[in-house]
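**Student:** Quick one: the structure is below, questions incoming.
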Amino acid sequence: MNAEKVPPDTPRYKMHSSTDGHDKIFASASAREEKRVDFLRVLYEGAIAGGAAGGVVETVLYPIDTIKTRLQAVHGGGKIILKGLYSGLAGNLAGVLPASAIFVGVYEPTKQKLLKTFPENLSALAHLAAGAVGGAASSIIRVPTEVVKQRMQTGQFSSAPDAVRLIVAKEGFKGLYVGYGSFLLRDLPFDAMQFCMYEQLRMGYKLAAQRDLNDPENAIIGAFAGAITGAITTPLDVIKTRLMVQGSANQYKGIFDCVRTIIREEGTPALLKGMGPRVLWIGIGGSIFFGILERTKQILAQRRPVAPNTNSSKLD
């Protein structure tokens with residue numbers, strides 16, 4: 001039986017399945033869910049890696065940090081005490097672990113979002129901004145932790161619980177956040193510069209070597225970035241230390257008064273006190289921190305479940 005011929009001028013209509021609209025809606029919802037899961041994964045993995053790296057660095061290098069703090073806190077030509085270099089470590093770890101987890105947990109997804117937003121030639125700006133955002137987010141925990149730690153390092157208290165109780169009793173809750181402005185003045189530039197320098201050096205090295213970096217290479221780059229940034233921000237660290245350890249005496253009325261008083265009474269070189277231990281501490285700390293950070297991220301990535309292949313062809 002011959003098929004009926006259709007005249008050439010007859011309009012042709014393409015039939016669409018009623019399920020096409022539903023497929024598009026489902027695909028859009030799936031994409032949104034995948035992005036949400038990916039964000040939470042990056043946040044979780046960053047928090048785990050950051051907490052592990054921060055805890056190890058603080059434990060290993062705490063004595064150097066104590067010496068640095070005592071050098072910066074002493075006035076004029078006073079001598080420092082080299083006993084009790086681990087004073088306050090346990091209480092400090094209780095704050096460092098969540099603070100490091102928050103920092104990296106916020107930094108990683110922020111970095112990835114900004115790198116997708118900014119053009120490739122502005123990747124350094126993305127790293128700078130992500131570092132500052134991570135530092136600001138973690139400062140809520142880092143500042144009271146730093147106040148308690150430095151008061152204990154300078155011999156004002158014998159235990160972290162006593163330090164918290166007495167600071168709140170004498171100075172109020174705000175006493176735990178004394179020097180908050182100087183902390184941000186030091187740590188936001190420090191975090192931004194250190195992570196930007198590390199990421200940019202790592203990108204350049206990876207491009208030149210045309211391969212992924214190994215653990216020693218990540219550690220060396222982390223040490224260099226930490227040491228340089230630590231040296232540059234030493235004056236800010238001195239100001240922050242003086243404001244945090246002064247307690248209820250209120251010798252300094254603020255950041256600018258602190259700078260003026262130090263220069264007037266001790267001379268400009270006093271703003272560089274503790275640079276040696278600080279550079280040593282942050283240089284070694286940078287190598288350990290970034291080495292452990294990258295290794296932990298790799299381990300977590302390897303343990304990640306393999307996503308099912310959604311591009312397989314459907315049977316007719």
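Residues are named by chain letter and number: chains run A, B, ... in the order of the structure tokens, numbers start at 1 in each chain, and ligands are numbered from 1 in the order shown.
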Write out as a PDB file with all heavy atoms, in the first residue's frame the residues lying within 8 Å of A:His127, counting only C-alpha atoms and excluding same-chain residues fewer than 4 positions away.

**Tutor:**
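So around_26.pdb came out as:
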```pdb
ATOM      1  N   LYS A 111      37.506  31.108  48.067  1.00  0.00           N
ATOM      2  CA  LYS A 111      38.534  31.162  47.022  1.00  0.00           C
ATOM      3  C   LYS A 111      37.993  30.598  45.708  1.00  0.00           C
ATOM      4  O   LYS A 111      38.160  31.223  44.648  1.00  0.00           O
ATOM      5  CB  LYS A 111      39.765  30.359  47.464  1.00  0.00           C
ATOM      6  CG  LYS A 111      40.862  30.270  46.406  1.00  0.00           C
ATOM      7  CD  LYS A 111      41.979  29.326  46.836  1.00  0.00           C
ATOM      8  CE  LYS A 111      41.547  27.882  46.761  1.00  0.00           C
ATOM      9  NZ  LYS A 111      42.669  26.945  47.048  1.00  0.00           N
ATOM     10  N   SER A 123      43.668  36.465  39.665  1.00  0.00           N
ATOM     11  CA  SER A 123      43.605  35.373  40.640  1.00  0.00           C
ATOM     12  C   SER A 123      44.229  35.776  41.971  1.00  0.00           C
ATOM     13  O   SER A 123      43.784  35.336  43.032  1.00  0.00           O
ATOM     14  CB  SER A 123      44.304  34.123  40.097  1.00  0.00           C
ATOM     15  OG  SER A 123      45.686  34.374  39.859  1.00  0.00           O
ATOM     16  N   GLY A 131      41.592  35.153  51.734  1.00  0.00           N
ATOM     17  CA  GLY A 131      42.365  35.108  52.967  1.00  0.00           C
ATOM     18  C   GLY A 131      41.830  36.063  54.016  1.00  0.00           C
ATOM     19  O   GLY A 131      41.725  35.731  55.204  1.00  0.00           O
ATOM     20  N   ALA A 192      45.785  37.506  54.347  1.00  0.00           N
ATOM     21  CA  ALA A 192      45.626  37.786  52.919  1.00  0.00           C
ATOM     22  C   ALA A 192      46.953  37.636  52.183  1.00  0.00           C
ATOM     23  O   ALA A 192      47.028  36.975  51.139  1.00  0.00           O
ATOM     24  CB  ALA A 192      45.063  39.195  52.721  1.00  0.00           C
ATOM     25  N   PHE A 195      48.467  33.742  52.317  1.00  0.00           N
ATOM     26  CA  PHE A 195      47.782  32.780  51.454  1.00  0.00           C
ATOM     27  C   PHE A 195      47.890  33.180  49.990  1.00  0.00           C
ATOM     28  O   PHE A 195      47.989  32.319  49.116  1.00  0.00           O
ATOM     29  CB  PHE A 195      46.323  32.626  51.887  1.00  0.00           C
ATOM     30  CG  PHE A 195      46.138  31.619  52.974  1.00  0.00           C
ATOM     31  CD1 PHE A 195      46.454  31.928  54.284  1.00  0.00           C
ATOM     32  CD2 PHE A 195      45.675  30.347  52.692  1.00  0.00           C
ATOM     33  CE1 PHE A 195      46.308  30.994  55.302  1.00  0.00           C
ATOM     34  CE2 PHE A 195      45.520  29.407  53.691  1.00  0.00           C
ATOM     35  CZ  PHE A 195      45.835  29.726  55.008  1.00  0.00           C
ATOM     36  N   CYS A 196      47.870  34.477  49.709  1.00  0.00           N
ATOM     37  CA  CYS A 196      48.040  34.926  48.323  1.00  0.00           C
ATOM     38  C   CYS A 196      49.429  34.565  47.818  1.00  0.00           C
ATOM     39  O   CYS A 196      49.576  34.033  46.710  1.00  0.00           O
ATOM     40  CB  CYS A 196      47.814  36.428  48.232  1.00  0.00           C
ATOM     41  SG  CYS A 196      48.078  37.091  46.577  1.00  0.00           S
ATOM     42  N   GLU A 199      49.642  30.708  47.346  1.00  0.00           N
ATOM     43  CA  GLU A 199      48.872  30.228  46.192  1.00  0.00           C
ATOM     44  C   GLU A 199      49.522  30.641  44.876  1.00  0.00           C
ATOM     45  O   GLU A 199      49.606  29.852  43.930  1.00  0.00           O
ATOM     46  CB  GLU A 199      47.439  30.763  46.254  1.00  0.00           C
ATOM     47  CG  GLU A 199      46.631  30.293  47.455  1.00  0.00           C
ATOM     48  CD  GLU A 199      46.033  28.913  47.259  1.00  0.00           C
ATOM     49  OE1 GLU A 199      46.448  28.196  46.330  1.00  0.00           O
ATOM     50  OE2 GLU A 199      45.138  28.549  48.053  1.00  0.00           O
TER      51      GLU A 199
END
```

**Student:** Stretch 43-144 of chain A near stretch 238-241 of chain A within 7 Å: what's each residue's closest atom pair and its distance in Å to one decimal, counting only C-alpha atoms, ordered by chain then ascending residue number, as CSV?

**Tutor:**
```
residue,atom,partner,partner_atom,distance
A:Thr69,CA,A:Thr241,CA,6.9
A:Gln72,CA,A:Val238,CA,5.7
A:Ala73,CA,A:Thr241,CA,6.6
```

**Student:** Please, which residues of stretch 53-85 of chain A, numbered as in this document, come out helix (DSSP H, G or I) from DSSP, as a PyMOL selection string?

**Tutor:** chain A and resi 53-73

**Student:** Using the selection just defined, write its residues with all heavy atoms as a short mmCIF file (atom, residue, chain, number, x, y, z; two decimals), in the first residue's frame.

**Tutor:**
```cif
data_model
loop_
_atom_site.label_atom_id
_atom_site.label_comp_id
_atom_site.auth_asym_id
_atom_site.auth_seq_id
_atom_site.Cartn_x
_atom_site.Cartn_y
_atom_site.Cartn_z
N ALA A 53 46.00 20.84 60.51
CA ALA A 53 47.23 21.60 60.28
C ALA A 53 47.49 22.59 61.41
O ALA A 53 48.61 22.70 61.93
CB ALA A 53 47.16 22.33 58.94
N GLY A 54 46.45 23.31 61.82
CA GLY A 54 46.61 24.30 62.89
C GLY A 54 46.99 23.68 64.21
O GLY A 54 47.84 24.21 64.94
N GLY A 55 46.39 22.54 64.54
CA GLY A 55 46.70 21.87 65.80
C GLY A 55 48.13 21.38 65.87
O GLY A 55 48.81 21.53 66.90
N VAL A 56 48.63 20.81 64.79
CA VAL A 56 50.01 20.30 64.77
C VAL A 56 51.01 21.45 64.89
O VAL A 56 51.97 21.38 65.66
CB VAL A 56 50.27 19.50 63.48
CG1 VAL A 56 51.76 19.16 63.35
CG2 VAL A 56 49.45 18.23 63.46
N VAL A 57 50.78 22.52 64.12
CA VAL A 57 51.69 23.68 64.15
C VAL A 57 51.75 24.29 65.55
O VAL A 57 52.84 24.57 66.07
CB VAL A 57 51.26 24.74 63.13
CG1 VAL A 57 52.04 26.03 63.33
CG2 VAL A 57 51.47 24.24 61.71
N GLU A 58 50.60 24.47 66.17
CA GLU A 58 50.56 25.11 67.49
C GLU A 58 51.28 24.27 68.53
O GLU A 58 52.00 24.79 69.38
CB GLU A 58 49.10 25.34 67.91
CG GLU A 58 48.92 26.36 69.00
CD GLU A 58 49.26 27.76 68.56
OE1 GLU A 58 49.23 28.03 67.34
OE2 GLU A 58 49.59 28.59 69.43
N THR A 59 51.10 22.96 68.47
CA THR A 59 51.73 22.07 69.45
C THR A 59 53.25 22.05 69.29
O THR A 59 53.99 22.15 70.28
CB THR A 59 51.18 20.65 69.29
OG1 THR A 59 49.75 20.66 69.46
CG2 THR A 59 51.78 19.71 70.32
N VAL A 60 53.71 21.92 68.06
CA VAL A 60 55.16 21.79 67.82
C VAL A 60 55.91 23.09 68.11
O VAL A 60 57.01 23.07 68.68
CB VAL A 60 55.41 21.34 66.36
CG1 VAL A 60 56.89 21.37 66.03
CG2 VAL A 60 54.83 19.95 66.13
N LEU A 61 55.33 24.23 67.74
CA LEU A 61 56.07 25.49 67.77
C LEU A 61 55.65 26.42 68.90
O LEU A 61 56.07 27.58 68.92
CB LEU A 61 55.91 26.20 66.42
CG LEU A 61 56.40 25.43 65.20
CD1 LEU A 61 56.12 26.21 63.93
CD2 LEU A 61 57.89 25.13 65.32
N TYR A 62 54.88 25.94 69.84
CA TYR A 62 54.38 26.79 70.92
C TYR A 62 55.50 27.46 71.73
O TYR A 62 55.39 28.64 72.08
CB TYR A 62 53.48 25.98 71.84
CG TYR A 62 52.62 26.82 72.76
CD1 TYR A 62 51.47 27.43 72.30
CD2 TYR A 62 52.99 27.00 74.10
CE1 TYR A 62 50.69 28.21 73.14
CE2 TYR A 62 52.20 27.77 74.94
CZ TYR A 62 51.06 28.37 74.46
OH TYR A 62 50.29 29.14 75.29
N PRO A 63 56.60 26.76 72.05
CA PRO A 63 57.67 27.42 72.83
C PRO A 63 58.26 28.64 72.11
O PRO A 63 58.59 29.64 72.76
CB PRO A 63 58.73 26.32 72.98
CG PRO A 63 57.96 25.05 72.88
CD PRO A 63 56.88 25.32 71.86
N ILE A 64 58.42 28.57 70.79
CA ILE A 64 58.96 29.71 70.05
C ILE A 64 57.98 30.87 70.11
O ILE A 64 58.38 32.04 70.27
CB ILE A 64 59.24 29.32 68.59
CG1 ILE A 64 60.24 28.16 68.52
CG2 ILE A 64 59.77 30.52 67.79
CD1 ILE A 64 60.52 27.67 67.11
N ASP A 65 56.70 30.57 70.03
CA ASP A 65 55.67 31.61 70.13
C ASP A 65 55.70 32.26 71.51
O ASP A 65 55.54 33.48 71.65
CB ASP A 65 54.30 31.00 69.85
CG ASP A 65 53.19 32.04 69.89
OD1 ASP A 65 53.42 33.18 69.44
OD2 ASP A 65 52.09 31.72 70.38
N THR A 66 55.91 31.46 72.54
CA THR A 66 55.98 31.99 73.91
C THR A 66 57.16 32.95 74.06
O THR A 66 57.03 34.04 74.65
CB THR A 66 56.11 30.85 74.93
OG1 THR A 66 54.97 29.98 74.81
CG2 THR A 66 56.16 31.38 76.35
N ILE A 67 58.32 32.57 73.54
CA ILE A 67 59.50 33.44 73.61
C ILE A 67 59.23 34.74 72.86
O ILE A 67 59.57 35.83 73.34
CB ILE A 67 60.73 32.71 73.02
CG1 ILE A 67 61.12 31.54 73.91
CG2 ILE A 67 61.91 33.68 72.87
CD1 ILE A 67 62.20 30.66 73.32
N LYS A 68 58.62 34.64 71.69
CA LYS A 68 58.29 35.84 70.90
C LYS A 68 57.38 36.78 71.68
O LYS A 68 57.60 37.99 71.73
CB LYS A 68 57.63 35.40 69.59
CG LYS A 68 57.30 36.51 68.61
CD LYS A 68 55.91 37.10 68.78
CE LYS A 68 54.82 36.09 68.66
NZ LYS A 68 53.47 36.72 68.82
N THR A 69 56.35 36.22 72.31
CA THR A 69 55.40 37.03 73.08
C THR A 69 56.10 37.73 74.25
O THR A 69 55.86 38.92 74.51
CB THR A 69 54.26 36.14 73.60
OG1 THR A 69 53.55 35.59 72.48
CG2 THR A 69 53.28 36.96 74.45
N ARG A 70 56.95 37.00 74.95
CA ARG A 70 57.64 37.60 76.11
C ARG A 70 58.62 38.68 75.67
O ARG A 70 58.79 39.68 76.38
CB ARG A 70 58.35 36.50 76.89
CG ARG A 70 57.37 35.56 77.60
CD ARG A 70 58.05 34.41 78.31
NE ARG A 70 57.06 33.54 78.95
CZ ARG A 70 57.36 32.40 79.56
NH1 ARG A 70 58.63 31.98 79.63
NH2 ARG A 70 56.41 31.67 80.11
N LEU A 71 59.25 38.50 74.53
CA LEU A 71 60.15 39.54 74.01
C LEU A 71 59.37 40.82 73.69
O LEU A 71 59.83 41.93 73.96
CB LEU A 71 60.86 39.04 72.75
CG LEU A 71 62.06 38.10 72.95
CD1 LEU A 71 62.50 37.52 71.61
CD2 LEU A 71 63.22 38.84 73.61
N GLN A 72 58.20 40.66 73.11
CA GLN A 72 57.41 41.82 72.72
C GLN A 72 56.74 42.49 73.90
O GLN A 72 56.53 43.71 73.90
CB GLN A 72 56.34 41.39 71.70
CG GLN A 72 56.91 40.95 70.37
CD GLN A 72 55.83 40.48 69.40
OE1 GLN A 72 54.72 40.16 69.81
NE2 GLN A 72 56.15 40.42 68.13
N ALA A 73 56.42 41.72 74.94
CA ALA A 73 55.69 42.27 76.08
C ALA A 73 56.60 43.03 77.04
O ALA A 73 56.15 43.95 77.72
CB ALA A 73 54.97 41.15 76.84
#
```

**Student:** Taking only residues of stretch 134-158 of chain A that have an atom at most 7 Å from an atom of stretch 175-189 of chain A, what is each one's shortest atom pair and its distance in Å to one decimal, using only C-alpha atoms, in chain and number order, as JSON lines?

**Tutor:**
```
{"residue": "A:Gly135", "atom": "CA", "partner": "A:Leu188", "partner_atom": "CA", "distance": 5.7}
{"residue": "A:Ala136", "atom": "CA", "partner": "A:Leu188", "partner_atom": "CA", "distance": 6.9}
{"residue": "A:Val143", "atom": "CA", "partner": "A:Tyr177", "partner_atom": "CA", "distance": 6.0}
{"residue": "A:Pro144", "atom": "CA", "partner": "A:Leu176", "partner_atom": "CA", "distance": 4.8}
{"residue": "A:Val147", "atom": "CA", "partner": "A:Leu176", "partner_atom": "CA", "distance": 6.2}
```

**Student:** Excluding stretch 275-285 of chain A and any residue of its chain fewer than 2 positions from it, enumerate the residues within 8 Å of it, using only C-alpha atoms, and give them as an MDAnalysis selection string.

**Tutor:** chainID A and resid 57 61 64:65 67:68 222:228 230:231 234 272:273 287:289

**Student:** Once you have the residues from the selection above, write them out as a PDB file, in the first residue's frame, restricted to C-alpha atoms.

**Tutor:**
```pdb
ATOM      1  CA  VAL A  57      51.694  23.675  64.152  1.00  0.00           C
ATOM      2  CA  LEU A  61      56.072  25.490  67.771  1.00  0.00           C
ATOM      3  CA  ILE A  64      58.959  29.709  70.048  1.00  0.00           C
ATOM      4  CA  ASP A  65      55.675  31.614  70.130  1.00  0.00           C
ATOM      5  CA  ILE A  67      59.500  33.440  73.606  1.00  0.00           C
ATOM      6  CA  LYS A  68      58.292  35.840  70.900  1.00  0.00           C
ATOM      7  CA  GLY A 222      54.650  27.563  52.679  1.00  0.00           C
ATOM      8  CA  ALA A 223      57.774  28.307  54.728  1.00  0.00           C
ATOM      9  CA  PHE A 224      58.873  31.084  52.358  1.00  0.00           C
ATOM     10  CA  ALA A 225      55.423  32.701  52.295  1.00  0.00           C
ATOM     11  CA  GLY A 226      55.114  32.501  56.069  1.00  0.00           C
ATOM     12  CA  ALA A 227      58.588  33.898  56.817  1.00  0.00           C
ATOM     13  CA  ILE A 228      58.251  36.891  54.472  1.00  0.00           C
ATOM     14  CA  GLY A 230      55.761  37.291  59.297  1.00  0.00           C
ATOM     15  CA  ALA A 231      58.671  39.725  58.949  1.00  0.00           C
ATOM     16  CA  THR A 234      56.078  42.240  62.959  1.00  0.00           C
ATOM     17  CA  LEU A 272      60.539  45.105  65.575  1.00  0.00           C
ATOM     18  CA  LYS A 273      60.878  43.205  68.857  1.00  0.00           C
ATOM     19  CA  SER A 287      55.982  24.645  56.066  1.00  0.00           C
ATOM     20  CA  ILE A 288      54.168  22.338  58.487  1.00  0.00           C
ATOM     21  CA  PHE A 289      50.762  23.985  58.063  1.00  0.00           C
TER      22      PHE A 289
END
```

**Student:** When you draw a straight line from atom CA of A:Met197 to atom CA of A:Ile141, how long is it in Å?

**Tutor:**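 Distance reported for this atom pair: 24.7 Å.
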
**Student:** Mind checking which residues fall within 10 Å of stretch 257-267 of chain A, counting only C-alpha atoms, ignoring those fewer than 4 positions away in the same chain, and posting them as an NGL selection string?

**Tutor:** :A and (75-77 or 235-236 or 238-240 or 242-243 or 251-253 or 271)

**Student:** Write the selection just made, keeping all heavy atoms, as a compact mmCIF listing (two decimals), in the first residue's frame?

**Tutor:**
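New file selection.txt:
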```
# COMPACT_ATOMS: atom_id res chain seq x y z
N HIS A 75 59.20 45.61 78.58
CA HIS A 75 59.46 47.02 78.27
C HIS A 75 60.95 47.32 78.43
O HIS A 75 61.62 46.79 79.32
CB HIS A 75 58.66 47.93 79.21
CG HIS A 75 57.18 47.87 78.97
ND1 HIS A 75 56.49 48.87 78.33
CD2 HIS A 75 56.27 46.91 79.25
CE1 HIS A 75 55.21 48.54 78.25
NE2 HIS A 75 55.06 47.36 78.82
N GLY A 76 61.44 48.20 77.57
CA GLY A 76 62.84 48.63 77.66
C GLY A 76 63.79 47.46 77.52
O GLY A 76 63.66 46.61 76.64
N GLY A 77 64.77 47.39 78.42
CA GLY A 77 65.79 46.33 78.35
C GLY A 77 65.54 45.21 79.32
O GLY A 77 66.49 44.55 79.76
N PRO A 235 55.76 44.71 63.21
CA PRO A 235 55.29 45.88 63.98
C PRO A 235 53.83 45.78 64.39
O PRO A 235 53.47 46.17 65.51
CB PRO A 235 55.53 47.05 63.02
CG PRO A 235 56.62 46.59 62.12
CD PRO A 235 56.37 45.12 61.94
N LEU A 236 52.99 45.27 63.52
CA LEU A 236 51.58 45.10 63.84
C LEU A 236 51.40 44.07 64.95
O LEU A 236 50.52 44.19 65.81
CB LEU A 236 50.79 44.68 62.60
CG LEU A 236 50.85 45.63 61.40
CD1 LEU A 236 50.10 45.04 60.21
CD2 LEU A 236 50.28 46.99 61.77
N VAL A 238 53.63 43.42 67.36
CA VAL A 238 54.07 44.05 68.62
C VAL A 238 52.94 44.88 69.22
O VAL A 238 52.65 44.79 70.43
CB VAL A 238 55.31 44.94 68.39
CG1 VAL A 238 55.64 45.74 69.65
CG2 VAL A 238 56.51 44.10 67.98
N ILE A 239 52.28 45.67 68.40
CA ILE A 239 51.16 46.50 68.87
C ILE A 239 50.04 45.62 69.42
O ILE A 239 49.49 45.89 70.50
CB ILE A 239 50.64 47.38 67.72
CG1 ILE A 239 51.73 48.34 67.25
CG2 ILE A 239 49.39 48.14 68.15
CD1 ILE A 239 51.42 49.01 65.93
N LYS A 240 49.71 44.57 68.70
CA LYS A 240 48.65 43.67 69.13
C LYS A 240 49.00 43.02 70.46
O LYS A 240 48.16 42.93 71.37
CB LYS A 240 48.43 42.61 68.04
CG LYS A 240 47.27 41.66 68.27
CD LYS A 240 47.63 40.38 68.96
CE LYS A 240 48.83 39.68 68.40
NZ LYS A 240 49.19 38.49 69.18
N ARG A 242 51.08 44.14 72.88
CA ARG A 242 51.06 45.12 73.96
C ARG A 242 49.62 45.41 74.41
O ARG A 242 49.34 45.53 75.61
CB ARG A 242 51.74 46.42 73.52
CG ARG A 242 53.24 46.30 73.32
CD ARG A 242 53.98 46.08 74.64
NE ARG A 242 55.41 46.01 74.45
CZ ARG A 242 56.24 47.05 74.50
NH1 ARG A 242 55.76 48.27 74.73
NH2 ARG A 242 57.54 46.87 74.34
N LEU A 243 48.70 45.55 73.47
CA LEU A 243 47.31 45.85 73.80
C LEU A 243 46.63 44.67 74.50
O LEU A 243 45.82 44.87 75.41
CB LEU A 243 46.54 46.23 72.54
CG LEU A 243 46.89 47.60 71.93
CD1 LEU A 243 46.21 47.76 70.57
CD2 LEU A 243 46.48 48.73 72.86
N GLN A 251 47.29 50.81 79.95
CA GLN A 251 48.43 51.69 79.69
C GLN A 251 48.28 52.40 78.36
O GLN A 251 48.69 53.55 78.20
CB GLN A 251 49.73 50.88 79.72
CG GLN A 251 50.98 51.71 79.44
CD GLN A 251 52.22 50.86 79.37
OE1 GLN A 251 52.15 49.64 79.54
NE2 GLN A 251 53.36 51.47 79.12
N TYR A 252 47.70 51.67 77.39
CA TYR A 252 47.51 52.23 76.06
C TYR A 252 46.01 52.45 75.82
O TYR A 252 45.19 51.60 76.14
CB TYR A 252 48.08 51.30 74.99
CG TYR A 252 49.51 50.87 75.27
CD1 TYR A 252 49.80 49.54 75.63
CD2 TYR A 252 50.56 51.77 75.17
CE1 TYR A 252 51.10 49.14 75.88
CE2 TYR A 252 51.87 51.37 75.42
CZ TYR A 252 52.13 50.05 75.78
OH TYR A 252 53.42 49.66 76.04
N LYS A 253 45.69 53.57 75.23
CA LYS A 253 44.27 53.91 75.00
C LYS A 253 43.77 53.44 73.64
O LYS A 253 42.59 53.59 73.33
CB LYS A 253 44.08 55.42 75.13
CG LYS A 253 44.38 55.96 76.52
CD LYS A 253 44.18 57.45 76.58
CE LYS A 253 44.37 57.99 78.00
NZ LYS A 253 45.75 57.74 78.49
N LEU A 271 59.43 48.40 67.82
CA LEU A 271 58.34 47.87 67.00
C LEU A 271 58.75 46.61 66.24
O LEU A 271 57.91 45.95 65.63
CB LEU A 271 57.85 48.93 66.01
CG LEU A 271 57.11 50.14 66.62
CD1 LEU A 271 56.85 51.19 65.56
CD2 LEU A 271 55.81 49.70 67.29
```

**Student:** Can you list, as a count of residues only, every protein, DNA or RNA residue that comes within 10 Å of A:Met203 when you count only C-alpha atoms, leaving out same-chain residues fewer than 5 positions away?

**Tutor:** 6

**Student:** Which is closer to A:Gly172 than all the others in A:Thr154, A:Gln210, A:Ser248, A:Ser87, using only C-alpha atoms?

**Tutor:**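 Of the candidates, the smallest distance to A:Gly172 is held by A:Ser248.
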
**Student:** Would you please work out which residue, of A:Arg151, A:Lys174, A:Lys297, A:Lys113, is nearest to A:Ile48 when using only C-alpha atoms?

**Tutor:**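 With only C-alpha atoms as the atom set, the closest residue is A:Lys297.
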
**Student:** With only C-alpha atoms as the counted atoms, please give the residues lying no more than 9 Å from stretch 41-46 of chain A, apart from itself and same-chain residues fewer than 2 positions off, as number ranges by chain.

**Tutor:** A: 36-39, 48-51, 101-109, 293, 296-297, 300-301

**Student:** For A:Gln150, which of A:Gly204, A:Gly134, A:Pro216, A:Gly88 is the closest residue, counting only C-alpha atoms?

**Tutor:**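 Among the listed residues, A:Gly88 lies closest to A:Gln150.
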
**Student:** Report, in Å with one decimal, the straight-line distance from atom CA of A:Phe157 to atom CA of A:Lys79.

**Tutor:**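 So the two atoms, atom CA of A:Phe157 and atom CA of A:Lys79, lie 19.3 Å apart.
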
**Student:** Suppose you want the space between atom CA of A:Ile221 and atom CA of A:Glu146; what is it in Å?

**Tutor:**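 Those two atoms sit 26.2 Å apart.
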